[in-house]
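The file coords_35.cif contains mmCIF, C-alpha atoms and all ligand atoms:
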```cif
data_coords
loop_
_atom_site.label_atom_id
_atom_site.label_comp_id
_atom_site.auth_asym_id
_atom_site.auth_seq_id
_atom_site.Cartn_x
_atom_site.Cartn_y
_atom_site.Cartn_z
CA MET A 885 -17.55 0.81 -18.53
CA SER A 886 -17.14 3.11 -15.58
CA VAL A 887 -13.40 2.89 -15.12
CA ALA A 888 -12.41 5.00 -18.13
CA GLU A 889 -13.49 8.54 -18.94
CA LEU A 890 -13.25 10.50 -22.17
CA ARG A 891 -11.56 13.84 -21.50
CA ASN A 892 -10.29 16.20 -24.23
CA GLY A 893 -10.82 13.54 -26.87
CA ALA A 894 -8.79 10.85 -25.09
CA LEU A 895 -9.75 7.99 -22.80
CA HIS A 896 -8.32 8.27 -19.27
CA VAL A 897 -8.18 5.99 -16.25
CA GLU A 898 -8.08 8.24 -13.21
CA GLY A 899 -5.50 10.92 -14.13
CA VAL A 900 -3.69 8.94 -16.81
CA LYS A 901 -4.17 8.77 -20.58
CA LEU A 902 -4.52 5.21 -21.81
CA ALA A 903 -2.53 6.14 -24.92
CA ASP A 904 0.42 7.03 -22.68
CA ILE A 905 0.18 3.65 -20.92
CA ALA A 906 0.26 1.89 -24.30
CA VAL A 907 3.40 3.78 -25.33
CA GLN A 908 5.15 3.23 -21.99
CA HIS A 909 4.17 -0.35 -21.27
CA GLY A 910 3.11 -1.82 -24.61
CA THR A 911 0.01 -3.81 -25.54
CA PRO A 912 -1.85 -5.97 -24.77
CA CYS A 913 -1.97 -4.59 -21.26
CA TYR A 914 -4.45 -4.94 -18.44
CA VAL A 915 -5.13 -1.63 -16.70
CA TYR A 916 -6.65 -1.56 -13.21
CA SER A 917 -7.80 1.47 -11.23
CA ARG A 918 -6.99 1.50 -7.55
CA ALA A 919 -9.76 4.02 -6.92
CA ALA A 920 -12.33 1.81 -8.66
CA LEU A 921 -11.25 -1.24 -6.62
CA GLY A 922 -11.58 0.80 -3.44
CA ALA A 923 -14.97 2.22 -4.43
CA ALA A 924 -16.36 -1.25 -5.19
CA PHE A 925 -15.17 -2.54 -1.81
CA GLU A 926 -16.55 0.49 0.02
CA ALA A 927 -19.96 -0.06 -1.61
CA TYR A 928 -20.11 -3.47 0.08
CA ARG A 929 -18.86 -2.06 3.35
CA ALA A 930 -21.48 0.68 3.32
CA ALA A 931 -24.24 -1.79 2.41
CA LEU A 932 -23.18 -4.00 5.35
CA ALA A 933 -22.74 -1.18 7.87
CA GLY A 934 -24.08 -2.27 11.24
CA CYS A 935 -23.89 -5.99 10.35
CA ASP A 936 -21.31 -8.38 11.74
CA ALA A 937 -19.99 -9.17 8.26
CA THR A 938 -16.76 -10.03 6.45
CA VAL A 939 -16.29 -9.49 2.72
CA CYS A 940 -14.03 -12.26 1.39
CA PHE A 941 -12.79 -11.32 -2.08
CA ALA A 942 -12.99 -14.31 -4.46
CA VAL A 943 -9.34 -14.57 -5.47
CA LYS A 944 -10.03 -16.60 -8.61
CA SER A 945 -11.61 -13.57 -10.30
CA ASN A 946 -8.37 -11.58 -10.22
CA SER A 947 -5.41 -12.97 -8.33
CA ASN A 948 -2.82 -10.28 -9.10
CA LEU A 949 -0.82 -9.60 -5.93
CA ALA A 950 -1.35 -5.85 -6.10
CA VAL A 951 -5.12 -6.30 -6.39
CA LEU A 952 -5.10 -8.67 -3.40
CA ASN A 953 -2.94 -6.21 -1.49
CA VAL A 954 -5.34 -3.32 -2.15
CA PHE A 955 -8.17 -5.40 -0.67
CA ALA A 956 -6.02 -6.67 2.22
CA ARG A 957 -5.23 -3.06 3.18
CA LEU A 958 -8.95 -2.31 3.17
CA GLY A 959 -9.49 -5.15 5.64
CA ALA A 960 -10.96 -7.72 3.27
CA GLY A 961 -10.96 -11.45 3.79
CA PHE A 962 -10.40 -13.85 0.89
CA ASP A 963 -12.19 -16.79 -0.69
CA ILE A 964 -9.64 -19.21 -2.15
CA VAL A 965 -9.99 -22.37 -4.21
CA SER A 966 -6.43 -23.73 -4.23
CA GLY A 967 -3.15 -23.88 -2.36
CA GLY A 968 -1.73 -21.53 -4.98
CA GLU A 969 -4.33 -18.94 -4.14
CA LEU A 970 -3.57 -19.33 -0.43
CA ALA A 971 0.11 -18.65 -1.14
CA ARG A 972 -0.86 -15.56 -3.15
CA VAL A 973 -3.05 -14.20 -0.36
CA LEU A 974 -0.26 -14.64 2.17
CA ALA A 975 2.34 -13.12 -0.20
CA ALA A 976 0.05 -10.12 -0.74
CA GLY A 977 -0.28 -9.44 2.98
CA GLY A 978 -3.73 -10.97 3.43
CA ASP A 979 -4.88 -12.18 6.83
CA ALA A 980 -5.13 -15.99 6.95
CA ALA A 981 -7.65 -15.68 9.77
CA LYS A 982 -10.08 -14.17 7.24
CA VAL A 983 -9.63 -16.84 4.55
CA VAL A 984 -12.32 -19.31 3.51
CA PHE A 985 -11.31 -22.26 1.35
CA SER A 986 -13.86 -23.41 -1.24
CA GLY A 987 -13.56 -26.02 -4.00
CA VAL A 988 -14.57 -29.60 -4.70
CA GLY A 989 -11.10 -31.14 -4.95
CA LYS A 990 -8.89 -30.00 -2.08
CA THR A 991 -5.75 -32.13 -1.88
CA ARG A 992 -4.08 -33.29 1.33
CA ASP A 993 -1.21 -30.85 0.73
CA GLU A 994 -3.63 -27.98 0.27
CA MET A 995 -5.46 -28.92 3.46
CA ARG A 996 -2.18 -29.07 5.39
CA ALA A 997 -1.04 -25.68 4.09
CA ALA A 998 -4.36 -24.10 5.03
CA LEU A 999 -4.28 -25.65 8.52
CA ASP A 1000 -0.71 -24.42 9.01
CA ALA A 1001 -1.68 -20.92 7.90
CA GLY A 1002 -4.64 -20.94 10.31
CA ILE A 1003 -7.46 -20.12 7.91
CA PHE A 1004 -10.91 -19.10 9.09
CA CYS A 1005 -12.88 -21.96 7.55
CA PHE A 1006 -12.91 -24.83 5.08
CA ASN A 1007 -16.06 -24.91 2.98
CA VAL A 1008 -16.46 -28.67 2.68
CA GLU A 1009 -18.16 -29.95 -0.47
CA SER A 1010 -18.50 -33.74 0.04
CA ALA A 1011 -18.53 -36.55 2.61
CA SER A 1012 -15.20 -37.84 1.28
CA GLU A 1013 -13.62 -34.44 1.69
CA LEU A 1014 -14.91 -34.35 5.28
CA GLU A 1015 -13.19 -37.68 6.05
CA ARG A 1016 -9.96 -36.56 4.41
CA LEU A 1017 -9.91 -33.23 6.24
CA ASN A 1018 -10.54 -34.93 9.58
CA ALA A 1019 -7.63 -37.31 8.91
CA VAL A 1020 -5.23 -34.56 7.79
CA ALA A 1021 -6.12 -32.35 10.76
CA GLY A 1022 -5.49 -35.31 13.07
CA GLU A 1023 -2.05 -35.86 11.52
CA CYS A 1024 -1.25 -32.16 12.04
CA GLY A 1025 -2.49 -32.22 15.62
CA LYS A 1026 -5.09 -29.59 14.76
CA ARG A 1027 -8.85 -29.17 14.56
CA ALA A 1028 -10.07 -28.00 11.18
CA PRO A 1029 -12.75 -25.28 11.20
CA ILE A 1030 -15.52 -26.31 8.81
CA ALA A 1031 -18.70 -25.25 7.10
CA PHE A 1032 -20.59 -27.33 4.57
CA ARG A 1033 -21.25 -25.75 1.24
CA VAL A 1034 -24.86 -26.67 0.61
CA ASN A 1035 -26.58 -26.63 -2.67
CA PRO A 1036 -29.87 -24.80 -2.08
CA ASN A 1037 -31.23 -25.70 -5.54
CA VAL A 1038 -32.06 -22.10 -6.39
CA ASP A 1039 -32.06 -21.09 -10.05
CA PRO A 1040 -29.90 -17.97 -10.32
CA LYS A 1041 -31.12 -17.32 -13.90
CA THR A 1042 -27.65 -16.82 -15.33
CA HIS A 1043 -25.42 -18.53 -17.92
CA PRO A 1044 -25.46 -22.35 -17.37
CA TYR A 1045 -21.63 -22.43 -17.11
CA ILE A 1046 -21.77 -20.05 -14.15
CA SER A 1047 -24.81 -21.53 -12.36
CA THR A 1048 -23.49 -23.46 -9.41
CA GLY A 1049 -26.40 -23.99 -7.02
CA LEU A 1050 -28.66 -26.34 -8.99
CA LYS A 1051 -29.17 -30.03 -8.17
CA THR A 1052 -27.23 -30.95 -11.31
CA SER A 1053 -24.16 -28.98 -10.18
CA LYS A 1054 -20.87 -30.57 -9.13
CA PHE A 1055 -20.60 -28.02 -6.31
CA GLY A 1056 -21.73 -28.33 -2.73
CA ILE A 1057 -23.62 -31.07 -0.92
CA PRO A 1058 -27.29 -31.81 -1.64
CA TYR A 1059 -29.57 -29.74 0.57
CA ASP A 1060 -31.36 -32.81 1.82
CA ASP A 1061 -28.11 -34.46 2.94
CA ALA A 1062 -26.96 -31.52 5.04
CA LEU A 1063 -28.36 -32.55 8.43
CA ALA A 1064 -26.93 -36.06 8.18
CA LEU A 1065 -23.52 -34.72 7.15
CA TYR A 1066 -23.40 -32.22 10.02
CA ARG A 1067 -24.18 -35.09 12.41
CA GLN A 1068 -21.37 -37.07 10.81
CA ALA A 1069 -19.00 -34.12 11.21
CA ARG A 1070 -19.96 -33.73 14.87
CA ALA A 1071 -18.79 -37.29 15.48
CA LEU A 1072 -15.34 -36.67 13.98
CA PRO A 1073 -12.66 -35.68 16.50
CA HIS A 1074 -10.48 -33.31 14.49
CA LEU A 1075 -13.17 -31.01 13.11
CA ASP A 1076 -14.71 -27.89 14.52
CA ILE A 1077 -18.15 -27.07 13.08
CA ARG A 1078 -18.30 -23.31 12.53
CA GLY A 1079 -20.77 -22.41 9.84
CA ILE A 1080 -22.61 -23.05 6.61
CA ALA A 1081 -21.95 -21.80 3.09
CA CYS A 1082 -23.53 -21.57 -0.33
CA HIS A 1083 -22.75 -19.92 -3.65
CA ILE A 1084 -25.46 -20.15 -6.27
CA GLY A 1085 -23.83 -18.68 -9.35
CA SER A 1086 -22.26 -15.70 -10.99
CA GLN A 1087 -23.28 -12.53 -12.84
CA LEU A 1088 -26.58 -12.47 -10.92
CA LEU A 1089 -28.71 -9.41 -11.59
CA ASP A 1090 -31.96 -10.31 -9.81
CA PRO A 1091 -31.56 -10.14 -6.01
CA ALA A 1092 -34.37 -12.63 -5.36
CA PRO A 1093 -32.39 -15.88 -5.82
CA ALA A 1094 -29.78 -14.80 -3.25
CA ALA A 1095 -32.53 -13.95 -0.76
CA GLU A 1096 -34.21 -17.30 -1.46
CA ALA A 1097 -30.90 -19.09 -0.88
CA ALA A 1098 -30.52 -17.21 2.42
CA GLU A 1099 -33.96 -18.43 3.51
CA LYS A 1100 -33.12 -22.02 2.67
CA VAL A 1101 -29.78 -21.81 4.48
CA LEU A 1102 -31.43 -20.29 7.56
CA ALA A 1103 -33.91 -23.15 7.70
CA LEU A 1104 -30.93 -25.51 7.97
CA VAL A 1105 -29.23 -23.33 10.59
CA ASP A 1106 -32.37 -23.52 12.73
CA ALA A 1107 -32.81 -27.26 12.22
CA LEU A 1108 -29.18 -27.78 13.27
CA ALA A 1109 -29.59 -25.55 16.33
CA ALA A 1110 -32.54 -27.72 17.39
CA GLU A 1111 -30.11 -30.66 17.44
CA GLY A 1112 -27.55 -28.73 19.45
CA ILE A 1113 -25.29 -27.87 16.50
CA ALA A 1114 -24.84 -24.11 16.78
CA LEU A 1115 -23.32 -22.30 13.80
CA ALA A 1116 -21.38 -19.07 14.23
CA HIS A 1117 -21.43 -17.88 10.63
CA ILE A 1118 -23.41 -17.97 7.40
CA ASP A 1119 -21.48 -17.59 4.14
CA LEU A 1120 -23.74 -16.62 1.27
CA GLY A 1121 -21.08 -16.65 -1.44
CA GLY A 1122 -20.57 -14.18 -4.25
CA GLY A 1123 -22.23 -13.73 -7.58
CA MET A 1124 -23.45 -10.14 -7.81
CA GLY A 1125 -23.41 -9.11 -11.46
CA ILE A 1126 -21.88 -6.11 -13.17
CA ARG A 1127 -22.79 -4.03 -16.20
CA TYR A 1128 -21.04 -5.29 -19.34
CA SER A 1129 -23.35 -3.54 -21.81
CA ASP A 1130 -26.85 -2.44 -20.85
CA GLU A 1131 -27.73 -4.82 -18.02
CA ASN A 1132 -29.83 -3.31 -15.29
CA VAL A 1133 -27.41 -3.61 -12.37
CA LEU A 1134 -28.49 -2.66 -8.89
CA PRO A 1135 -26.13 -0.81 -6.55
CA ALA A 1136 -24.62 -3.22 -3.99
CA ALA A 1137 -26.87 -1.92 -1.21
CA ASP A 1138 -30.02 -2.57 -3.25
CA TYR A 1139 -28.85 -5.98 -4.44
CA LEU A 1140 -28.06 -7.05 -0.89
CA ALA A 1141 -31.15 -5.52 0.75
CA PRO A 1142 -33.55 -8.48 0.23
CA MET A 1143 -30.91 -10.90 1.53
CA LEU A 1144 -30.17 -8.70 4.54
CA LYS A 1145 -33.88 -8.47 5.25
CA VAL A 1146 -34.04 -12.27 5.46
CA LEU A 1147 -31.06 -12.19 7.86
CA ALA A 1148 -32.36 -9.36 10.04
CA GLY A 1149 -32.09 -10.09 13.75
CA ARG A 1150 -29.81 -13.11 13.30
CA ARG A 1151 -26.82 -13.48 15.58
CA GLU A 1152 -24.59 -15.39 13.14
CA ARG A 1153 -21.80 -13.53 11.40
CA LEU A 1154 -22.38 -13.00 7.66
CA LEU A 1155 -19.67 -13.76 5.10
CA LEU A 1156 -19.85 -12.80 1.43
CA GLU A 1157 -17.50 -13.91 -1.35
CA PRO A 1158 -17.81 -11.36 -4.16
CA GLY A 1159 -15.35 -11.56 -7.03
CA ARG A 1160 -16.60 -10.04 -10.27
CA SER A 1161 -18.47 -7.17 -8.61
CA LEU A 1162 -15.29 -5.99 -6.84
CA VAL A 1163 -12.92 -6.08 -9.81
CA GLY A 1164 -14.81 -6.49 -13.10
CA ASN A 1165 -15.42 -2.84 -13.84
CA ALA A 1166 -12.17 -1.73 -12.21
CA GLY A 1167 -10.13 -3.12 -15.10
CA LEU A 1168 -9.85 -3.00 -18.87
CA LEU A 1169 -7.70 -4.63 -21.52
CA LEU A 1170 -5.76 -2.21 -23.71
CA THR A 1171 -5.02 -3.52 -27.19
CA ARG A 1172 -3.75 -2.18 -30.52
CA VAL A 1173 -5.16 -2.75 -33.99
CA GLU A 1174 -2.51 -4.58 -36.01
CA PHE A 1175 -4.37 -4.94 -39.30
CA LEU A 1176 -7.72 -4.14 -40.86
CA LYS A 1177 -8.95 -6.83 -43.22
CA HIS A 1178 -11.90 -6.23 -45.47
CA GLY A 1179 -13.36 -9.63 -46.34
CA GLU A 1180 -16.18 -10.37 -48.78
CA GLU A 1181 -18.81 -10.55 -46.09
CA LYS A 1182 -17.17 -9.10 -43.03
CA ASN A 1183 -14.60 -6.57 -41.93
CA PHE A 1184 -12.02 -7.68 -39.43
CA ALA A 1185 -9.93 -5.67 -37.03
CA VAL A 1186 -7.04 -7.94 -36.01
CA VAL A 1187 -5.85 -6.73 -32.62
CA ASP A 1188 -2.83 -7.78 -30.54
CA ALA A 1189 -4.96 -9.19 -27.69
CA ALA A 1190 -6.56 -12.59 -28.13
CA MET A 1191 -8.59 -15.33 -26.49
CA ASN A 1192 -5.52 -16.37 -24.52
CA ASP A 1193 -5.55 -12.91 -22.89
CA LEU A 1194 -9.32 -12.63 -22.44
CA ALA A 1195 -11.16 -15.92 -22.77
CA ARG A 1196 -14.69 -14.84 -21.83
CA PRO A 1197 -15.97 -13.99 -25.35
CA ALA A 1198 -14.69 -17.31 -26.76
CA LEU A 1199 -15.74 -19.29 -23.69
CA TYR A 1200 -19.16 -17.86 -22.84
CA ASP A 1201 -19.91 -15.74 -25.90
CA ALA A 1202 -19.61 -12.90 -23.37
CA TRP A 1203 -20.01 -9.25 -24.39
CA HIS A 1204 -17.38 -6.67 -23.53
CA ASP A 1205 -17.74 -3.06 -24.66
CA ILE A 1206 -14.89 -2.14 -27.00
CA VAL A 1207 -14.15 1.55 -27.28
CA PRO A 1208 -11.55 3.61 -29.11
CA VAL A 1209 -8.88 5.14 -26.89
CA VAL A 1210 -8.76 8.24 -29.11
CA PRO A 1211 -12.10 8.34 -30.98
CA ARG A 1212 -12.05 9.36 -34.65
CA ALA A 1213 -14.59 11.64 -36.24
CA ALA A 1214 -15.25 9.34 -39.20
CA VAL A 1215 -17.97 7.04 -40.44
CA ALA A 1216 -18.13 3.82 -38.41
CA THR A 1217 -17.95 0.36 -39.99
CA ALA A 1218 -19.05 -2.96 -38.48
CA TYR A 1219 -15.94 -4.90 -37.43
CA GLU A 1220 -15.26 -8.33 -36.06
CA ILE A 1221 -12.64 -7.64 -33.39
CA VAL A 1222 -10.39 -10.70 -33.56
CA GLY A 1223 -7.05 -11.80 -32.16
CA PRO A 1224 -4.09 -13.50 -33.86
CA VAL A 1225 -4.75 -16.95 -32.34
CA CYS A 1226 -5.40 -19.74 -34.82
CA GLU A 1227 -8.99 -20.49 -33.77
CA SER A 1228 -12.21 -19.24 -35.34
CA GLY A 1229 -13.49 -18.69 -31.81
CA ASP A 1230 -10.74 -16.16 -31.17
CA PHE A 1231 -12.78 -12.98 -31.06
CA LEU A 1232 -13.21 -10.21 -28.51
CA GLY A 1233 -16.31 -8.68 -30.08
CA ARG A 1234 -18.52 -9.12 -33.12
CA GLY A 1235 -20.14 -6.60 -35.42
CA ARG A 1236 -18.87 -3.55 -33.55
CA GLN A 1237 -19.50 -0.17 -35.16
CA LEU A 1238 -16.16 1.60 -35.05
CA ALA A 1239 -14.16 4.11 -37.08
CA LEU A 1240 -10.71 2.51 -37.12
CA GLN A 1241 -7.29 2.79 -38.70
CA GLU A 1242 -4.40 0.39 -38.32
CA GLY A 1243 -2.38 1.25 -35.22
CA ASP A 1244 -5.40 2.54 -33.28
CA LEU A 1245 -5.79 1.62 -29.63
CA LEU A 1246 -8.91 -0.02 -28.25
CA ALA A 1247 -10.04 -0.53 -24.67
CA VAL A 1248 -11.89 -3.78 -23.96
CA MET A 1249 -13.98 -2.77 -20.98
CA SER A 1250 -15.11 -4.65 -17.85
CA ALA A 1251 -12.09 -6.95 -18.09
CA GLY A 1252 -10.95 -6.79 -14.46
CA ALA A 1253 -12.64 -10.07 -13.51
CA TYR A 1254 -11.89 -13.44 -15.09
CA GLY A 1255 -9.57 -11.68 -17.54
CA MET A 1256 -5.90 -12.06 -16.67
CA ALA A 1257 -6.89 -14.76 -14.17
CA MET A 1258 -8.06 -17.02 -17.01
CA SER A 1259 -5.27 -16.14 -19.43
CA SER A 1260 -3.04 -18.79 -20.95
CA ASN A 1261 0.00 -19.20 -23.14
CA TYR A 1262 -1.94 -20.77 -26.02
CA ASN A 1263 -0.05 -20.22 -29.28
CA THR A 1264 3.05 -19.54 -27.11
CA ARG A 1265 1.83 -16.03 -26.51
CA PRO A 1266 3.44 -14.34 -23.52
CA ARG A 1267 0.90 -13.18 -20.99
CA ALA A 1268 0.00 -9.50 -21.05
CA ALA A 1269 1.47 -6.80 -18.83
CA GLU A 1270 -0.66 -5.50 -15.96
CA VAL A 1271 -0.56 -1.99 -14.58
CA MET A 1272 -2.44 -0.29 -11.78
CA VAL A 1273 -3.28 3.37 -11.98
CA ASP A 1274 -3.31 5.26 -8.69
CA ALA A 1275 -4.36 8.89 -9.28
CA ASP A 1276 -1.77 10.16 -11.79
CA ARG A 1277 0.73 7.34 -11.30
CA VAL A 1278 1.06 4.06 -13.17
CA HIS A 1279 2.56 1.05 -11.38
CA VAL A 1280 3.59 -2.09 -13.22
CA VAL A 1281 1.95 -4.81 -11.13
CA GLY A 1282 2.55 -7.62 -13.62
CA ARG A 1283 5.54 -7.56 -15.93
CA ARG A 1284 4.90 -8.74 -19.48
CA GLU A 1285 5.97 -12.36 -19.80
CA THR A 1286 8.83 -13.24 -22.15
CA VAL A 1287 8.92 -16.12 -24.62
CA PRO A 1288 11.89 -17.87 -22.91
CA GLU A 1289 9.93 -17.74 -19.62
CA ILE A 1290 7.10 -19.64 -21.26
CA PHE A 1291 9.21 -22.69 -22.06
CA ALA A 1292 11.82 -22.38 -19.30
CA ARG A 1293 10.28 -25.30 -17.36
CA GLU A 1294 10.38 -27.64 -20.36
CA SER A 1295 13.28 -29.84 -21.42
CA ILE A 1296 14.25 -32.07 -24.34
CA LEU A 1297 15.34 -35.71 -24.26
CA PRO A 1298 19.06 -36.36 -23.68
C1 LIG B 1 -16.43 -18.00 -8.20
C2 LIG B 1 -16.87 -18.02 -6.79
C3 LIG B 1 -17.16 -16.83 -6.14
C4 LIG B 1 -17.13 -15.49 -6.81
O1 LIG B 1 -18.15 -15.33 -7.76
P1 LIG B 1 -18.40 -13.94 -8.46
O2 LIG B 1 -19.50 -14.20 -9.39
O3 LIG B 1 -17.15 -13.55 -9.15
O4 LIG B 1 -18.78 -12.95 -7.39
C5 LIG B 1 -17.49 -16.90 -4.80
N1 LIG B 1 -17.53 -18.08 -4.14
C6 LIG B 1 -17.27 -19.25 -4.76
C7 LIG B 1 -17.33 -20.52 -4.00
C8 LIG B 1 -16.93 -19.26 -6.09
O5 LIG B 1 -16.68 -20.43 -6.70
#
```
So, in terms of structure tokens, how does the structure I just supplied come out?
Amino acid sequence: MSVAELRNGALHVEGVKLADIAVQHGTPCYVYSRAALGAAFEAYRAALAGCDATVCFAVKSNSNLAVLNVFARLGAGFDIVSGGELARVLAAGGDAAKVVFSGVGKTRDEMRAALDAGIFCFNVESASELERLNAVAGECGKRAPIAFRVNPNVDPKTHPYISTGLKTSKFGIPYDDALALYRQARALPHLDIRGIACHIGSQLLDPAPAAEAAEKVLALVDALAAEGIALAHIDLGGGMGIRYSDENVLPAADYLAPMLKVLAGRRERLLLEPGRSLVGNAGLLLTRVEFLKHGEEKNFAVVDAAMNDLARPALYDAWHDIVPVVPRAAVATAYEIVGPVCESGDFLGRGRQLALQEGDLLAVMSAGAYGMAMSSNYNTRPRAAEVMVDADRVHVVGRRETVPEIFARESILP
């Protein structure tokens, strides 16, 4: 929960009181810190100093234009998974020449848009996709730059929903099929073989699986070189974890060190695709307690943020620290922190010891990644506002949605 600091009895982000943001901009509201985004990016840059490396921010983790723009200004590349994300990157001033396009279901339109934009590389995830990309590139009179996303079958030891590199995963091509597929790609006229990619999972704390994946990928690079297929880059994906509660999280340099040791002396450029570790702890969700309900067995704090704003607790049973914005000197009670959505799974935290009164503000920490990006309009709830703090200034980077906006694209029968 590094982004907010308690000073003079009130929680601040950089130079701004969270209570002031709530009054000015309302709740629920996502709050991002520009300084924290920059610091997370610089930690990668410092860890990779002296390497030929590009950090491609995984857009899906937080696709707000201002967040993308902060990273674009710092020289980041981007990892996208849809045509929509490509459009966002371009709108935010990102450099198409540093974009990698991942995902198992790229459509023809998405391929065309990415070819037109001139992206760095398509991370191809199946033989059918390879054929389609070759055909689309031919129609456009272009050669598509490609890497295969291989599945190194390394267990990242994380939540099964965010493990992506096992044999049972829908992602990537089987490791043992890689050589044959590269040969197939070499025979296709509208493709340009550039590299190889993998991404084994998310919220990884142990650096060993990433290093093991690097070893397996290098073995393929060398086997391909022996056949005259020379790769210019190795993309080792994202996945570095962050501290949500008391996880033992290594600094970026220490997490990456075993992987970099495996890569020492290699001439290929290294790409990384971090998402969560660049934004997760640079954001929080500000919410207000609407009602306190004292049930027979449990006490509930009903807040104005819900699973539609932050899905991770409902979806993965994920833990987010929940802290008072202006702490009270009173005896704490165990509360279920729940939203107004009509689902029993609509909770943000369970059994939290807090001293609360109705109207109090709470900060749901570590919400910068997979927070707003996964939000929905379930229960016809307008999506939250988003602000970015920069020193002592607060910029609205996402206006609160209105109810008419939610159903503006719908129509009734004549
Ligand atoms: C989700 C994803 C990432 C980012 O993962 P994090 O755990 O947020 O770092 C990177 N690459 C690919 C292909 C992904 O699907």
What's the 12 Å shell around Ala1011 of chain A, counting only C-alpha atoms, without same-chain residues fewer than 4 positions away, as number ranges by chain?
-> A: 988-989, 1007, 1015-1018, 1032-1034, 1056-1058, 1061-1062, 1064-1069, 1072
Taking all atoms listed in the file into account, which of A:Arg1160, A:Arg1293, A:Lys901, A:Arg1277 comes nearest ligand LIG 1 (chain B)?
-> A:Arg1160
May I have the residues within 6 Å of segment 1185-1202 of chain A as a PyMOL selection string, using only C-alpha atoms and disregarding those fewer than 3 positions away in the same chain?
-> chain A and resi 912+1171-1176+1221-1223+1229-1230+1232+1255+1259-1260+1262
Within-7 Å residues of ligand LIG 1 (chain B), basis all atoms listed in the file, as a count of residues only | 20
Within 7 Å of Tyr914 of chain A, counting all atoms listed in the file, which residues show up once you throw out same-chain ones fewer than 4 positions away? Write them as a JSON list (two decimals) with C-alpha atoms, in the coordinates of the input, please.
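The resulting file, around-v1.json, is reproduced below:
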```
[["chain", "number", "residue", "atom", "x", "y", "z"],
["A", 1167, "GLY", "CA", -10.13, -3.12, -15.10],
["A", 1168, "LEU", "CA", -9.85, -3.00, -18.87],
["A", 1169, "LEU", "CA", -7.70, -4.63, -21.52],
["A", 1170, "LEU", "CA", -5.76, -2.21, -23.71],
["A", 1268, "ALA", "CA", 0.00, -9.50, -21.05],
["A", 1269, "ALA", "CA", 1.47, -6.80, -18.83],
["A", 1270, "GLU", "CA", -0.66, -5.50, -15.96],
["A", 1271, "VAL", "CA", -0.56, -1.99, -14.58]]
```
If you count only C-alpha atoms, which residues fall within 10 Å of Arg1151 of chain A, apart from same-chain ones fewer than 6 positions away, as an NGL selection string?
-> :A and (935-936 or 1115-1118)
Top pick for closest residue to Gly1233 of chain A, considering A:Leu1246, A:Pro1298, A:Ala1166, A:Val1281 and counting only C-alpha atoms |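 Between A:Leu1246, A:Pro1298, A:Ala1166, A:Val1281, the residue approaching Gly1233 of chain A most closely is A:Leu1246.
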Choose the residue, out of A:Val954, A:Leu1120, A:Val1163, A:Ala1141, that has the smallest atom-to-atom separation from Met1256 of chain A; count all atoms listed in the file.
->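 Looking at the shortest contact to Met1256 of chain A, the residue is A:Val1163.
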